[in-house]
Amino acid sequence: MTSHDDARVVSASREIAAPAAHIFELIADPAQQPRWDGNDNLAQAPGGQRVRGVGDMFTMTLTKDSAVRENHVVEFDEGRRIAWRPAEPGQAPPGHLWRWELEPIDASSTRVTHTYDWTELTDAGRYRRARATTTEKLRSSLDRLAALAER
């Protein structure tokens with residue numbers, strides 16, 4: 001676990017007893033994300049939005065006020081890395097980023113790192129919520145993801 005840059009980049013890592021490809025499917029398919037979201041922030045996502053590369057965009061409905069977010073994929077390496085920047089529909093992303101990195105340890109276990117980076121966040125009205133995204137909350141998502149992947 002690390003926090004740096006005045007806690008504007010927060011990460012958590014753990015080993016998950018499942019192959020990287022299986023774990024990646026749970027992350028790259030937005031419809032699966034509410035199942036493992038440790039922040040209880042994601043209500044649902046329509047099926048059929050499986051991410052395939054940089055430039056893809058998927059939508060997600062949040063639990064708070066049923067707000068919809070468009071998530072713009074900015075990093076992608078199949079089975080290894082995915083990152084997106086959320087935005088309100090039709091708006092440019094305000095500058096925060098969610099990243100998942102998977103490093104196979106062997107055929108049946110993977111080191112997974114989850115990072116929230118708000119170093120480029122330009123909307124000061126979002127700072128309070130950004131500061132509330134702690135290593136512990138990221139770890140909660142990792143633990144839920146592990147519980148699903150290890151079944």
# chains A, B, ... in the order shown; residues from 1 in each chain; ligands from 1
>>> residues_around(residues="Ile105 in chain A", least_positions_apart="4", cutoff="12 Å", atoms="only C-alpha atoms", output="ChimeraX atom specification")
/A:14-20,109-112
>>> residues_around(residues="Trp100 in chain A", least_positions_apart="4", cutoff="6 Å", atoms="only C-alpha atoms", output="PyMOL selection string")
chain A and resi 81-82+113-114
>>> write_last_selection(atoms="N, CA, C and O atoms", output="short mmCIF file (atom, residue, chain, number, x, y, z; two decimals), in the first residue's frame")
data_model
loop_
_atom_site.label_atom_id
_atom_site.label_comp_id
_atom_site.auth_asym_id
_atom_site.auth_seq_id
_atom_site.Cartn_x
_atom_site.Cartn_y
_atom_site.Cartn_z
N ARG A 81 -3.39 -4.27 -17.85
CA ARG A 81 -3.59 -2.90 -17.36
C ARG A 81 -4.82 -2.29 -18.04
O ARG A 81 -5.04 -2.44 -19.22
N ILE A 82 -5.57 -1.54 -17.20
CA ILE A 82 -6.71 -0.79 -17.71
C ILE A 82 -6.87 0.44 -16.80
O ILE A 82 -6.71 0.34 -15.58
N THR A 113 -2.86 -4.43 -8.48
CA THR A 113 -2.71 -3.11 -7.88
C THR A 113 -3.82 -2.21 -8.39
O THR A 113 -4.05 -2.12 -9.60
N HIS A 114 -4.50 -1.57 -7.46
CA HIS A 114 -5.59 -0.64 -7.77
C HIS A 114 -5.13 0.75 -7.35
O HIS A 114 -4.68 0.94 -6.22
#
>>> residues_around(residues="range 48-55 of chain A", least_positions_apart="5", cutoff="8 Å", atoms="only C-alpha atoms", output="list in words")
Ala28, Asp29, Pro30, Ala31, His72, Val73, Val74, Glu75, Phe76, Asp77 and Glu78 of chain A
>>> atom_distance(atom1="CA of Arg129 in chain A", atom2="CA of Thr59 in chain A")
20.0 Å
>>> select_by_dssp(residues="range 35-136 of chain A", states="strand (DSSP E or B)", output="VMD selection string")
chain A and resid 42 to 44 57 to 62 68 to 77 81 to 87 97 to 106 109 to 117
>>> write_last_selection(atoms="C-alpha atoms", output="short mmCIF file (atom, residue, chain, number, x, y, z; two decimals), in the first residue's frame")
data_model
loop_
_atom_site.label_atom_id
_atom_site.label_comp_id
_atom_site.auth_asym_id
_atom_site.auth_seq_id
_atom_site.Cartn_x
_atom_site.Cartn_y
_atom_site.Cartn_z
CA LEU A 42 -21.50 1.73 -8.53
CA ALA A 43 -25.15 0.77 -8.95
CA GLN A 44 -25.10 -0.83 -12.38
CA MET A 57 -16.01 4.56 -23.36
CA PHE A 58 -18.43 2.81 -21.01
CA THR A 59 -21.26 4.13 -18.90
CA MET A 60 -22.00 3.41 -15.27
CA THR A 61 -24.87 4.44 -13.01
CA LEU A 62 -23.77 5.55 -9.55
CA VAL A 68 -24.55 8.40 -14.92
CA ARG A 69 -20.83 8.58 -15.64
CA GLU A 70 -19.06 8.12 -18.94
CA ASN A 71 -15.72 6.40 -18.35
CA HIS A 72 -13.08 7.14 -20.97
CA VAL A 73 -10.44 4.41 -21.28
CA VAL A 74 -6.98 6.00 -21.43
CA GLU A 75 -4.70 2.99 -20.77
CA PHE A 76 -5.19 -0.57 -21.92
CA ASP A 77 -3.06 -3.69 -22.19
CA ARG A 81 -3.59 -2.90 -17.36
CA ILE A 82 -6.71 -0.79 -17.71
CA ALA A 83 -7.37 2.79 -16.64
CA TRP A 84 -10.21 5.22 -17.21
CA ARG A 85 -11.21 8.79 -16.49
CA PRO A 86 -14.85 9.31 -15.45
CA ALA A 87 -16.88 12.27 -16.65
CA LEU A 97 -8.16 8.36 -12.99
CA TRP A 98 -8.86 4.79 -11.87
CA ARG A 99 -6.19 2.22 -12.78
CA TRP A 100 -5.89 -1.55 -12.42
CA GLU A 101 -2.59 -3.36 -13.01
CA LEU A 102 -2.26 -7.15 -13.03
CA GLU A 103 1.04 -8.98 -12.72
CA PRO A 104 0.87 -12.77 -13.05
CA ILE A 105 2.84 -14.53 -10.34
CA ASP A 106 2.23 -17.96 -11.83
CA SER A 109 -2.10 -16.33 -8.89
CA THR A 110 -1.82 -12.64 -9.72
CA ARG A 111 -0.63 -9.49 -7.97
CA VAL A 112 -3.27 -6.81 -8.52
CA THR A 113 -2.71 -3.11 -7.88
CA HIS A 114 -5.59 -0.64 -7.77
CA THR A 115 -4.76 3.07 -8.01
CA TYR A 116 -6.80 6.24 -7.72
CA ASP A 117 -4.93 9.27 -9.11
#
>>> atom_distance(atom1="CA of Gly79 in chain A", atom2="CA of Val9 in chain A")
22.7 Å
>>> closest_residue(among="A:Ala107, A:Ala130, A:Ala124, A:Leu138", to="His22 in chain A", atoms="only C-alpha atoms")
A:Ala107
>>> select_by_dssp(residues="chain A", states="helix (DSSP H, G or I)", output="PyMOL selection string")
chain A and resi 20-28+30-36+124-131+135-149
>>> closest_residue(among="A:Arg139, A:Pro46, A:Arg151, A:Thr122", to="Pro34 in chain A", atoms="only C-alpha atoms")
A:Pro46
